[in-house]
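Scroll down for the structure; my scribbles are underneath it.
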Amino acid sequence: HKLFDEVSSTTAGFDVGGIVLVSDEWTVGVCLQEIGSKYKWDTSRIYGLNGNSTIERFPVRKKLGVSFRPAGSELLASIEVEHISTILFLRGGAEYALAEQFKLHAGIDQIGFSSAILPKPAFGFTTKSTVGPWIGHLTYSYVFEPYGPSGIHLLALALEFQ
């Protein structure tokens, strides 16, 4: 990250997580993110002896998620709780496969327990196509941004080897 022309910080952090398949229908996952992540700023290149070194540690993000896919159904639903420092919020969503190659999805992020955090609803679709040894996935989502004048369009392309 770059704070100023001559003040930048490069860091490494770690994430660790796991998934447990409880049954054919239920899955539980846990994740710890930003372990050891920090910014270290040194302004002595700009201010000489008056400069200083500052370290800003990232809070560890703790997540617990549960997903449910009813047997024989094309529906997948999930909910996740996340704890960051003193903030606790939920997110949830669902995906429905209209066909093997086309899925609709919708959800809400940042469901907070105070009025300081505004929820972010989203909806979109994923389509996939096979070309030779590749499976291409195209995902589009529209996120309603509560803090900006308009929403956010997200587009992702993924290639999967067969």
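Within each chain, counting starts at residue 1; across the structure tokens, chains are named A, B, ... in the order shown, with ligands numbered 1 upward in that order.
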Q: Do a neighbour search on Glu74 (chain A) at 9 Å with only C-alpha atoms, toss out local chain neighbours closer than 4 positions, and write the hits as a PyMOL selection string.
A: chain A and resi 69-70+95-99
Please produce an output containing N, CA and C atoms for each residue in the selection, written as a tab-separated table (two decimals), in the first residue's frame.
```tsv
chain	number	residue	atom	x	y	z
A	69	ARG	N	-28.06	-27.54	1.28
A	69	ARG	CA	-28.56	-27.89	-0.03
A	69	ARG	C	-29.49	-29.09	0.15
A	70	PRO	N	-30.82	-28.86	0.09
A	70	PRO	CA	-31.76	-29.98	0.26
A	70	PRO	C	-31.54	-31.05	-0.80
A	95	GLU	N	-28.61	-19.53	-3.89
A	95	GLU	CA	-28.33	-19.74	-5.30
A	95	GLU	C	-29.29	-20.80	-5.81
A	96	TYR	N	-29.82	-20.56	-7.00
A	96	TYR	CA	-30.74	-21.53	-7.59
A	96	TYR	C	-30.29	-21.83	-9.01
A	97	ALA	N	-30.11	-23.10	-9.32
A	97	ALA	CA	-29.68	-23.52	-10.66
A	97	ALA	C	-30.90	-23.71	-11.54
A	98	LEU	N	-31.08	-22.81	-12.51
A	98	LEU	CA	-32.16	-22.96	-13.48
A	98	LEU	C	-31.82	-24.05	-14.48
A	99	ALA	N	-30.54	-24.23	-14.76
A	99	ALA	CA	-30.02	-25.28	-15.63
A	99	ALA	C	-28.61	-25.58	-15.15
```
(Q) Run DSSP on the backbone and tell me which residues of region 22-119 of chain A come out as strand (DSSP E or B); list them as a PyMOL selection string. (A) chain A and resi 26-35+38-42+53-57+61-68+75-84+87-99+102-112
Q: Skip Val22 (chain A) itself and residues of its chain fewer than 6 positions away, then list as a PyMOL selection string all residues within 12 Å of it, counting only C-alpha atoms.
A: chain A and resi 28-29+66-69
Q) Excluding same-chain residues fewer than 3 positions from Lys103 (chain A), what lies within 12 Å of it counting only C-alpha atoms, as number ranges by chain? A) A: 74-76, 94-100, 106, 123-128, 137-141
Would you save the residues from that selection as an mmCIF file, in the first residue's frame, using N, CA and C atoms?
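The resulting out_12.cif:
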```cif
data_model
loop_
_atom_site.group_PDB
_atom_site.id
_atom_site.type_symbol
_atom_site.label_atom_id
_atom_site.label_comp_id
_atom_site.auth_asym_id
_atom_site.auth_seq_id
_atom_site.Cartn_x
_atom_site.Cartn_y
_atom_site.Cartn_z
ATOM 1 N N GLU A 74 -32.261 -27.899 -6.461
ATOM 2 C CA GLU A 74 -31.298 -27.040 -7.145
ATOM 3 C C GLU A 74 -30.992 -25.785 -6.333
ATOM 4 N N LEU A 75 -31.460 -25.752 -5.086
ATOM 5 C CA LEU A 75 -31.288 -24.597 -4.215
ATOM 6 C C LEU A 75 -30.115 -24.806 -3.269
ATOM 7 N N LEU A 76 -29.313 -23.772 -3.078
ATOM 8 C CA LEU A 76 -28.244 -23.758 -2.087
ATOM 9 C C LEU A 76 -28.413 -22.482 -1.275
ATOM 10 N N ALA A 94 -28.540 -17.087 -1.292
ATOM 11 C CA ALA A 94 -29.059 -18.302 -1.893
ATOM 12 C C ALA A 94 -28.703 -18.323 -3.371
ATOM 13 N N GLU A 95 -28.614 -19.531 -3.888
ATOM 14 C CA GLU A 95 -28.331 -19.743 -5.299
ATOM 15 C C GLU A 95 -29.293 -20.799 -5.809
ATOM 16 N N TYR A 96 -29.822 -20.564 -6.997
ATOM 17 C CA TYR A 96 -30.740 -21.533 -7.587
ATOM 18 C C TYR A 96 -30.292 -21.826 -9.010
ATOM 19 N N ALA A 97 -30.107 -23.102 -9.320
ATOM 20 C CA ALA A 97 -29.679 -23.525 -10.655
ATOM 21 C C ALA A 97 -30.900 -23.712 -11.545
ATOM 22 N N LEU A 98 -31.076 -22.807 -12.507
ATOM 23 C CA LEU A 98 -32.155 -22.961 -13.479
ATOM 24 C C LEU A 98 -31.821 -24.051 -14.485
ATOM 25 N N ALA A 99 -30.538 -24.229 -14.757
ATOM 26 C CA ALA A 99 -30.022 -25.279 -15.628
ATOM 27 C C ALA A 99 -28.609 -25.580 -15.153
ATOM 28 N N GLU A 100 -28.006 -26.625 -15.667
ATOM 29 C CA GLU A 100 -26.650 -26.965 -15.243
ATOM 30 C C GLU A 100 -25.669 -25.839 -15.575
ATOM 31 N N ALA A 106 -28.611 -14.453 -5.043
ATOM 32 C CA ALA A 106 -28.962 -13.210 -4.361
ATOM 33 C C ALA A 106 -28.549 -13.337 -2.900
ATOM 34 N N PHE A 123 -27.505 -9.190 -6.178
ATOM 35 C CA PHE A 123 -28.085 -10.266 -6.978
ATOM 36 C C PHE A 123 -27.258 -10.427 -8.248
ATOM 37 N N GLY A 124 -27.396 -11.579 -8.900
ATOM 38 C CA GLY A 124 -26.640 -11.801 -10.124
ATOM 39 C C GLY A 124 -26.845 -13.193 -10.678
ATOM 40 N N PHE A 125 -25.894 -13.601 -11.512
ATOM 41 C CA PHE A 125 -25.983 -14.914 -12.147
ATOM 42 C C PHE A 125 -24.583 -15.443 -12.438
ATOM 43 N N THR A 126 -24.507 -16.742 -12.655
ATOM 44 C CA THR A 126 -23.286 -17.406 -13.106
ATOM 45 C C THR A 126 -23.655 -18.321 -14.257
ATOM 46 N N THR A 127 -22.854 -18.277 -15.288
ATOM 47 C CA THR A 127 -23.039 -19.172 -16.419
ATOM 48 C C THR A 127 -21.720 -19.877 -16.690
ATOM 49 N N LYS A 128 -21.792 -21.089 -17.213
ATOM 50 C CA LYS A 128 -20.563 -21.808 -17.512
ATOM 51 C C LYS A 128 -20.685 -22.485 -18.866
ATOM 52 N N HIS A 137 -16.275 -20.053 -16.451
ATOM 53 C CA HIS A 137 -17.343 -19.557 -15.578
ATOM 54 C C HIS A 137 -17.359 -18.030 -15.684
ATOM 55 N N LEU A 138 -18.520 -17.469 -15.970
ATOM 56 C CA LEU A 138 -18.703 -16.032 -15.996
ATOM 57 C C LEU A 138 -19.737 -15.682 -14.937
ATOM 58 N N THR A 139 -19.355 -14.816 -13.998
ATOM 59 C CA THR A 139 -20.256 -14.411 -12.916
ATOM 60 C C THR A 139 -20.432 -12.896 -12.954
ATOM 61 N N TYR A 140 -21.679 -12.473 -12.897
ATOM 62 C CA TYR A 140 -22.016 -11.052 -12.815
ATOM 63 C C TYR A 140 -22.836 -10.842 -11.548
ATOM 64 N N SER A 141 -22.524 -9.769 -10.830
ATOM 65 C CA SER A 141 -23.302 -9.395 -9.641
ATOM 66 C C SER A 141 -23.485 -7.886 -9.606
#
```
Q: Grab the CA of Ser73 (chain A) to CA of Ala158 (chain A) distance for me, in Å with one decimal place.
A: 24.9 Å
Q: Could you please determine the separation between CA of Gln162 (chain A) and CA of Ser129 (chain A) in Å, to one decimal place?
A: 12.0 Å
